[in-house]
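**Q** This one is structure-v6.cif, mmCIF, C-alpha atoms.
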data_upload
loop_
_atom_site.label_atom_id
_atom_site.label_comp_id
_atom_site.auth_asym_id
_atom_site.auth_seq_id
_atom_site.Cartn_x
_atom_site.Cartn_y
_atom_site.Cartn_z
CA MET S 103 -0.32 -11.50 -2.35
CA GLY S 104 2.16 -9.62 -4.53
CA LYS S 105 5.70 -8.60 -3.81
CA ILE S 106 7.24 -6.22 -1.33
CA LEU S 107 9.23 -3.47 -3.03
CA VAL S 108 12.39 -2.69 -1.04
CA VAL S 109 13.81 0.71 -2.00
CA GLU S 110 17.17 1.27 -0.30
CA ASP S 111 20.42 2.72 -1.64
CA ASP S 112 22.69 1.00 0.91
CA ASN S 113 23.59 -2.45 -0.46
CA ASP S 114 24.17 -3.98 2.98
CA ILE S 115 20.85 -2.76 4.38
CA ARG S 116 19.02 -3.78 1.19
CA ASP S 117 20.54 -7.28 1.44
CA MET S 118 19.69 -7.52 5.15
CA LEU S 119 16.10 -6.49 4.43
CA GLY S 120 15.96 -9.06 1.65
CA GLU S 121 17.05 -11.78 4.08
CA THR S 122 14.54 -10.52 6.66
CA LEU S 123 11.75 -10.62 4.08
CA GLY S 124 12.67 -14.14 3.03
CA MET S 125 9.18 -15.42 3.82
CA TRP S 126 7.68 -12.89 1.38
CA GLN S 127 8.54 -12.29 -2.26
CA HIS S 128 10.39 -9.04 -2.65
CA GLU S 129 11.91 -6.85 -5.33
CA PRO S 130 14.93 -4.62 -4.63
CA ALA S 131 15.45 -1.08 -5.95
CA LYS S 132 18.47 1.19 -5.42
CA HIS S 133 16.63 4.53 -5.39
CA GLY S 134 13.19 6.08 -5.69
CA LYS S 135 13.23 6.40 -9.48
CA GLU S 136 13.95 2.69 -9.90
CA GLY S 137 11.34 1.90 -7.23
CA LEU S 138 8.75 3.97 -9.08
CA GLU S 139 9.54 2.18 -12.36
CA ILE S 140 9.14 -1.23 -10.71
CA PHE S 141 5.91 -0.17 -8.98
CA SER S 142 4.49 1.10 -12.27
CA LYS S 143 4.77 -2.40 -13.76
CA GLY S 144 2.32 -3.75 -11.15
CA GLY S 145 2.35 -6.69 -8.75
CA ILE S 146 3.60 -4.75 -5.71
CA SER S 147 1.57 -5.22 -2.52
CA LEU S 148 3.71 -3.20 -0.09
CA ILE S 149 6.58 -0.72 -0.29
CA LEU S 150 9.43 -0.44 2.18
CA THR S 151 11.51 2.65 1.40
CA ASP S 152 14.44 4.59 2.75
CA MET S 153 14.09 8.38 2.92
CA ARG S 154 17.51 9.65 1.83
CA MET S 155 18.67 8.24 -1.49
CA PRO S 156 20.32 9.53 -4.66
CA VAL S 157 18.41 10.13 -7.92
CA MET S 158 14.98 10.26 -6.18
CA ASP S 159 14.42 10.27 -2.42
CA GLY S 160 11.80 8.19 -0.66
CA LEU S 161 9.43 11.07 0.05
CA THR S 162 9.30 12.14 -3.60
CA MET S 163 8.65 8.53 -4.61
CA LEU S 164 5.95 8.20 -1.93
CA LYS S 165 4.15 11.30 -3.27
CA LYS S 166 4.29 10.01 -6.86
CA ILE S 167 3.03 6.58 -5.85
CA ARG S 168 0.16 8.12 -3.89
CA GLN S 169 -0.89 9.93 -7.08
CA MET S 170 -1.17 6.52 -8.76
CA ASP S 171 -2.38 4.38 -5.87
CA LYS S 172 -3.92 5.57 -2.61
CA THR S 173 -4.09 2.15 -0.95
CA VAL S 174 -0.75 0.35 -1.34
CA PRO S 175 0.87 0.25 2.11
CA ILE S 176 4.13 2.17 2.44
CA ILE S 177 6.60 1.84 5.30
CA VAL S 178 9.25 4.57 5.48
CA ILE S 179 12.60 3.87 7.12
CA THR S 180 15.29 6.42 7.88
CA GLY S 181 18.63 6.78 9.55
CA TYR S 182 18.03 10.52 9.93
CA PRO S 183 14.80 10.79 11.93
CA SER S 184 13.15 14.09 12.71
CA LEU S 185 9.71 15.17 13.77
CA ASN S 186 9.31 17.07 10.49
CA SER S 187 10.22 14.09 8.28
CA ALA S 188 7.95 11.79 10.29
CA MET S 189 5.02 14.20 10.03
CA GLU S 190 5.61 14.83 6.33
CA SER S 191 5.92 11.11 5.53
CA LEU S 192 2.76 10.22 7.42
CA SER S 193 0.79 13.18 6.04
CA CYS S 194 1.81 12.18 2.50
CA GLY S 195 0.42 8.69 3.00
CA ALA S 196 3.05 6.52 4.68
CA ASP S 197 1.52 3.86 6.91
CA PHE S 198 4.49 3.61 9.25
CA TYR S 199 7.73 5.52 9.92
CA LEU S 200 10.60 3.44 11.31
CA VAL S 201 14.04 4.51 12.46
CA LYS S 202 17.31 2.70 11.67
CA PRO S 203 18.67 0.51 13.05
CA ILE S 204 15.50 -1.38 12.29
CA ASN S 205 13.99 -3.67 14.90
CA ILE S 206 13.31 -6.76 12.76
CA THR S 207 10.45 -8.01 14.94
CA ASP S 208 8.77 -4.62 14.81
CA LEU S 209 9.24 -4.46 11.02
CA LYS S 210 7.61 -7.87 10.55
CA ILE S 211 4.68 -6.84 12.77
CA LYS S 212 4.22 -3.64 10.74
CA ILE S 213 4.29 -5.63 7.48
CA GLU S 214 1.66 -8.04 8.82
CA LYS S 215 -0.51 -5.11 9.92
CA CYS S 216 -0.22 -3.58 6.45
CA PHE S 217 -1.27 -6.84 4.80
CA GLN S 218 -4.20 -7.18 7.23
CA LYS S 219 -5.29 -3.62 6.43
CA THR S 220 -5.01 -4.30 2.70
CA GLY S 221 -7.16 -7.41 3.09
CA MET S 222 -9.78 -5.45 5.01
CA VAL S 223 -9.83 -2.68 2.39
CA ARG S 224 -10.36 -5.26 -0.36
CA THR S 225 -13.15 -6.94 1.63
CA ILE S 226 -14.88 -3.61 2.20
CA ALA S 227 -14.63 -2.78 -1.51
CA ARG S 228 -16.18 -6.16 -2.41
CA LEU S 229 -18.98 -5.64 0.12
CA GLU S 230 -19.69 -2.16 -1.19
CA LYS S 231 -19.89 -3.52 -4.72
CA SER S 232 -22.22 -6.32 -3.58
CA ASN S 233 -24.42 -3.79 -1.75
CA LYS S 234 -24.71 -1.65 -4.90
CA ILE S 235 -25.76 -4.71 -6.91
CA LEU S 236 -28.32 -5.72 -4.27
CA ILE S 237 -29.74 -2.22 -4.12
CA TRP S 238 -30.03 -2.16 -7.91
CA LEU S 239 -31.70 -5.59 -7.95
CA LEU S 240 -34.12 -4.58 -5.20
CA ALA S 241 -34.94 -1.34 -7.00
CA ALA S 242 -35.40 -3.15 -10.31
CA GLY S 243 -37.54 -5.82 -8.63
CA PHE S 244 -39.63 -3.24 -6.86
CA ALA S 245 -40.12 -1.29 -10.08
CA ALA S 246 -41.02 -4.46 -11.98
CA GLY S 247 -43.43 -5.51 -9.21
CA PHE S 248 -45.01 -2.09 -9.13
CA ALA S 249 -45.41 -2.10 -12.90
CA ALA S 250 -46.91 -5.60 -12.83
CA GLY S 251 -49.25 -4.62 -10.00
CA ALA S 252 -50.41 -1.60 -11.97
CA LEU S 253 -51.49 -3.92 -14.78
CA PHE S 254 -53.91 -5.75 -12.50
CA MET S 255 -55.63 -2.71 -11.06
#
Would you give me this structure, written as structure tokens?
**A**
Amino acid sequence: MGKILVVEDDNDIRDMLGETLGMWQHEPAKHGKEGLEIFSKGGISLILTDMRMPVMDGLTMLKKIRQMDKTVPIIVITGYPSLNSAMESLSCGADFYLVKPINITDLKIKIEKCFQKTGMVRTIARLEKSNKILIWLLAAGFAAGFAAGALFM
């Protein structure tokens, strides 16, 4: 499991989230541009981002990350909730939309759900790859058997 990227411009909230995420490795970022730079280096398994930040907001970062990676879980947090921002965040690929003040128990549950989903996606990808190999082997074996059978006719 990689790190959780915590993108939050408020130092106190970023520190509190860091303490909350103590059981997981995490990397802090002060705004979306810094978060995007850290994500681009690799090793991030989940992103927790604020919406309103200077330099680059969370939604812009989310859209850019989704262009690079469709599967990394993203949890959006905001102190300025609205139906429009929730719908836009979720339609752009956020997995969850949470409102400040953050319920720590709920946040941890959402993080666990994201990691479970990521594990299932990886398992499905491995199974699909195995199925393709098996299908190829069966087809190759059938073709080889058919060709060998044709020799004895």
**Q** What gap, in Å, lies between CA of Met158 (chain S) and CA of Lys210 (chain S)?
**A**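 Answer for the CA of Met158 (chain S) to CA of Lys210 (chain S) separation: 25.7 Å.
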**Q** Might you pull out every residue within 7 Å of His128 (chain S), with only C-alpha atoms counted and same-chain residues fewer than 2 positions away left off, and present them as a PyMOL selection string?
**A** chain S and resi 105-108+126+130
**Q** Selection from above, C-alpha atoms, as a CSV table (one decimal), in the coordinates of the input, can you write it?
**A**
chain,number,residue,atom,x,y,z
S,105,LYS,CA,5.7,-8.6,-3.8
S,106,ILE,CA,7.2,-6.2,-1.3
S,107,LEU,CA,9.2,-3.5,-3.0
S,108,VAL,CA,12.4,-2.7,-1.0
S,126,TRP,CA,7.7,-12.9,1.4
S,130,PRO,CA,14.9,-4.6,-4.6
**Q** Name the closest residue to Pro156 (chain S) among the candidates S:Asp197, S:Glu129, S:Asp111, S:Asp208; distances are taken between atoms, counting all atoms listed in the file.
**A**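 Among the listed residues, S:Asp111 lies closest to Pro156 (chain S).
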**Q** CA of Gln127 (chain S) and CA of Val157 (chain S) are how many Å apart?
**A**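 Interatomic distance here is 25.1 Å.
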**Q** In Å, with one decimal, what is the gap from CA of Lys166 (chain S) to CA of Lys212 (chain S)?
**A**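 Separating CA of Lys166 (chain S) from CA of Lys212 (chain S) is a distance of 22.3 Å.
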**Q** I'd like to see the residues matched by the PyMOL selection byres ((chain S and resi 171) around 12) on this file, and ideally I'd get them as an MDAnalysis selection string.
**A** chainID S and resid 138 141:142 144 146:149 163:170 172:176 195
